[in-house]
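Colleague: First the structure, which I've put down as structure tokens, then a few questions once you've had a look.
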Amino acid sequence: MTSHLTDAELVARCRAGDEQAWAELVERFSRYVYAIAIQGFRLSETDAEDVFQEVFARTYERLDKLRDDSAVKPWIAQLTRNLCIDKLRDRARVEPTEEVDGGKDETLAELDLALTVREALAAVGEPCSDLLDRFFTRDESYKTISERLEIPPGTIASRISRCLVKLRGQIEGRNDDVGPSGVR
Amino acid sequence: MSANAWNEERLGELLRLLRPAPEGWVDAAAQLPRLRAVLDDLVARAESDAAFRAALVADLEATLAREGVEPTPAIVRALALRIR
């Protein structure tokens, strides 16, 4: 379920009551929000789920207040960070031995960069996006990928490699000023 | 920056960082608009019909299930807050 709508176009459709667009917005940012909560702030699954649902509930309620539709990504990122910190403070009140960790800037910067790569992957499109997603983020074996995508197992490694070349081209073509370490 | 900085290993590393969120979480968030509509309707009915409100308060989970909404703890909590 990935379209080529820009973030701003997607937000505009959500605001107009398009439920499909809302589902796509959730899909587009779900991994990012999840990663910030789990990797950036090391929340438990239970706390991460609370944060995750609250992020999207508030996003839904406050879309009208977003000043710049194209800024939805940093807006969601900031909202997620704030809610993670609130959650950690709540925990620290209940379990005072726990330190409140404001999230590692390095990790959060890596996640921002990872989202940029993921956006580029969506732009590369099928079959590469599905193939790379299965291999890198779903940890599917060559055998499973071969069965699911009906391609010979012996060609998967070379296909992955070709898709990574395409992905790299997409990133370099559209985002020349962003280095792989996130340094502009 | 080296021309090879976006090498396969680095791209793989970055792709691995954004793993799918649990499907149930994503589905629940995606259903928010529909859920809001159901909750709005339940709250409106509760405000205009005391008997309905009593039944609703007595068993939030059953009411949600009857409306076709899976009564997850978060949804039950949201409804409880609305009819308080």
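Lettering and numbering for the structure tokens are positional, with chains as A, B, ... in the shown order, residues counted from 1 in each chain, and ligands counted from 1 in the shown order.
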Return the neighbours of chain A among the residues of chain B, cut-off 8 Å, counting only C-alpha atoms, as a list in words.
Modeller: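 Close enough to count are Met1, Ala5, Trp6, Asn7, Glu8, Arg10, Leu11, Gly12, Leu14, Leu15, Arg16, Leu17, Leu18, Arg19, Pro20, Ala21, Trp25, Val26, Ala28, Ala29, Ala30, Gln31, Leu32 and Pro33 of chain B.
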Colleague: Take the residues from that selection and put them in a file with C-alpha atoms, as a CSV table (one decimal), in the first residue's frame.
Modeller:
chain,number,residue,atom,x,y,z
B,1,MET,CA,32.4,11.9,1.0
B,5,ALA,CA,29.7,5.7,0.9
B,6,TRP,CA,26.3,4.4,0.1
B,7,ASN,CA,27.6,0.8,-0.3
B,8,GLU,CA,25.5,-2.3,0.0
B,10,ARG,CA,25.4,0.6,4.7
B,11,LEU,CA,22.1,0.5,2.8
B,12,GLY,CA,21.4,-2.9,4.3
B,14,LEU,CA,19.8,1.3,7.4
B,15,LEU,CA,17.0,-0.8,5.9
B,16,ARG,CA,17.3,-3.2,8.8
B,17,LEU,CA,16.6,-0.3,11.3
B,18,LEU,CA,13.0,0.2,10.2
B,19,ARG,CA,11.4,-3.1,10.9
B,20,PRO,CA,7.6,-3.5,10.6
B,21,ALA,CA,5.6,-2.5,13.7
B,25,TRP,CA,-0.8,-1.9,16.2
B,26,VAL,CA,-0.8,-0.7,12.6
B,28,ALA,CA,-5.7,-0.3,15.1
B,29,ALA,CA,-4.1,3.0,14.2
B,30,ALA,CA,-5.4,2.7,10.6
B,31,GLN,CA,-8.9,2.1,11.8
B,32,LEU,CA,-9.0,5.3,13.9
B,33,PRO,CA,-11.4,7.3,11.6
Colleague: Taking the DSSP assignment computed from this structure's backbone, write out as a ChimeraX atom specification all residues of chain B that belong to helix (DSSP H, G or I).
Modeller: /B:8-17,23-30,32-48,50-58,60-66,73-83
Colleague: Restricted to C-alpha atoms, what would the selected residues look like written as a compact mmCIF listing (two decimals), in the first residue's frame?
Modeller:
# COMPACT_ATOMS: atom_id res chain seq x y z
CA GLU B 8 25.47 -2.29 -0.04
CA GLU B 9 26.44 -2.93 3.54
CA ARG B 10 25.44 0.56 4.69
CA LEU B 11 22.15 0.45 2.81
CA GLY B 12 21.38 -2.95 4.32
CA GLU B 13 22.19 -1.63 7.77
CA LEU B 14 19.82 1.32 7.36
CA LEU B 15 17.04 -0.81 5.87
CA ARG B 16 17.28 -3.18 8.84
CA LEU B 17 16.65 -0.34 11.28
CA GLU B 23 0.47 -5.71 12.54
CA GLY B 24 -2.21 -5.30 15.20
CA TRP B 25 -0.85 -1.90 16.21
CA VAL B 26 -0.83 -0.68 12.62
CA ASP B 27 -4.33 -2.00 11.98
CA ALA B 28 -5.67 -0.34 15.12
CA ALA B 29 -4.13 3.01 14.17
CA ALA B 30 -5.36 2.70 10.58
CA LEU B 32 -8.95 5.32 13.90
CA PRO B 33 -11.35 7.26 11.63
CA ARG B 34 -13.89 4.45 11.69
CA LEU B 35 -13.39 3.96 15.38
CA ARG B 36 -13.91 7.65 16.08
CA ALA B 37 -17.18 7.51 14.14
CA VAL B 38 -18.39 4.52 16.16
CA LEU B 39 -17.40 6.13 19.45
CA ASP B 40 -19.07 9.43 18.47
CA ASP B 41 -22.24 7.52 17.67
CA LEU B 42 -22.17 5.57 20.94
CA VAL B 43 -21.58 8.71 22.97
CA ALA B 44 -24.40 10.56 21.20
CA ARG B 45 -26.78 7.68 21.84
CA ALA B 46 -25.69 7.48 25.48
CA GLU B 47 -26.38 11.19 25.91
CA SER B 48 -29.88 10.94 24.54
CA ALA B 50 -30.48 6.86 29.65
CA ALA B 51 -31.25 3.15 29.30
CA PHE B 52 -28.69 2.79 26.55
CA ARG B 53 -26.17 4.69 28.64
CA ALA B 54 -26.74 2.35 31.60
CA ALA B 55 -26.25 -0.70 29.40
CA LEU B 56 -23.18 0.84 27.87
CA VAL B 57 -21.59 1.68 31.19
CA ALA B 58 -22.44 -1.78 32.53
CA LEU B 60 -18.41 -1.43 27.48
CA GLU B 61 -16.71 -4.40 25.89
CA ALA B 62 -19.94 -6.13 24.89
CA THR B 63 -21.32 -2.90 23.42
CA LEU B 64 -18.20 -2.35 21.33
CA ALA B 65 -18.28 -5.95 20.13
CA ARG B 66 -21.93 -5.52 19.10
CA PRO B 73 -8.00 -2.25 26.25
CA ALA B 74 -7.05 1.03 24.53
CA ILE B 75 -10.44 1.33 22.83
CA VAL B 76 -12.36 0.44 25.98
CA ARG B 77 -10.32 3.06 27.82
CA ALA B 78 -11.05 5.66 25.14
CA LEU B 79 -14.79 4.98 25.33
CA ALA B 80 -14.76 5.02 29.13
CA LEU B 81 -13.14 8.46 29.06
CA ARG B 82 -15.72 9.77 26.59
CA ILE B 83 -18.77 8.68 28.57
Colleague: Rounded to one decimal place, report the CA of Asp47 in chain A-CA of Trp75 in chain A distance in Å.
Modeller: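 That distance, rounded to one decimal, is 20.4 Å.
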Colleague: Residues at most 10 Å from Pro152 in chain A, counting only C-alpha atoms, excluding those fewer than 4 positions away in the same chain, as number ranges by chain?
Modeller: A: 142-143, 145-147, 156
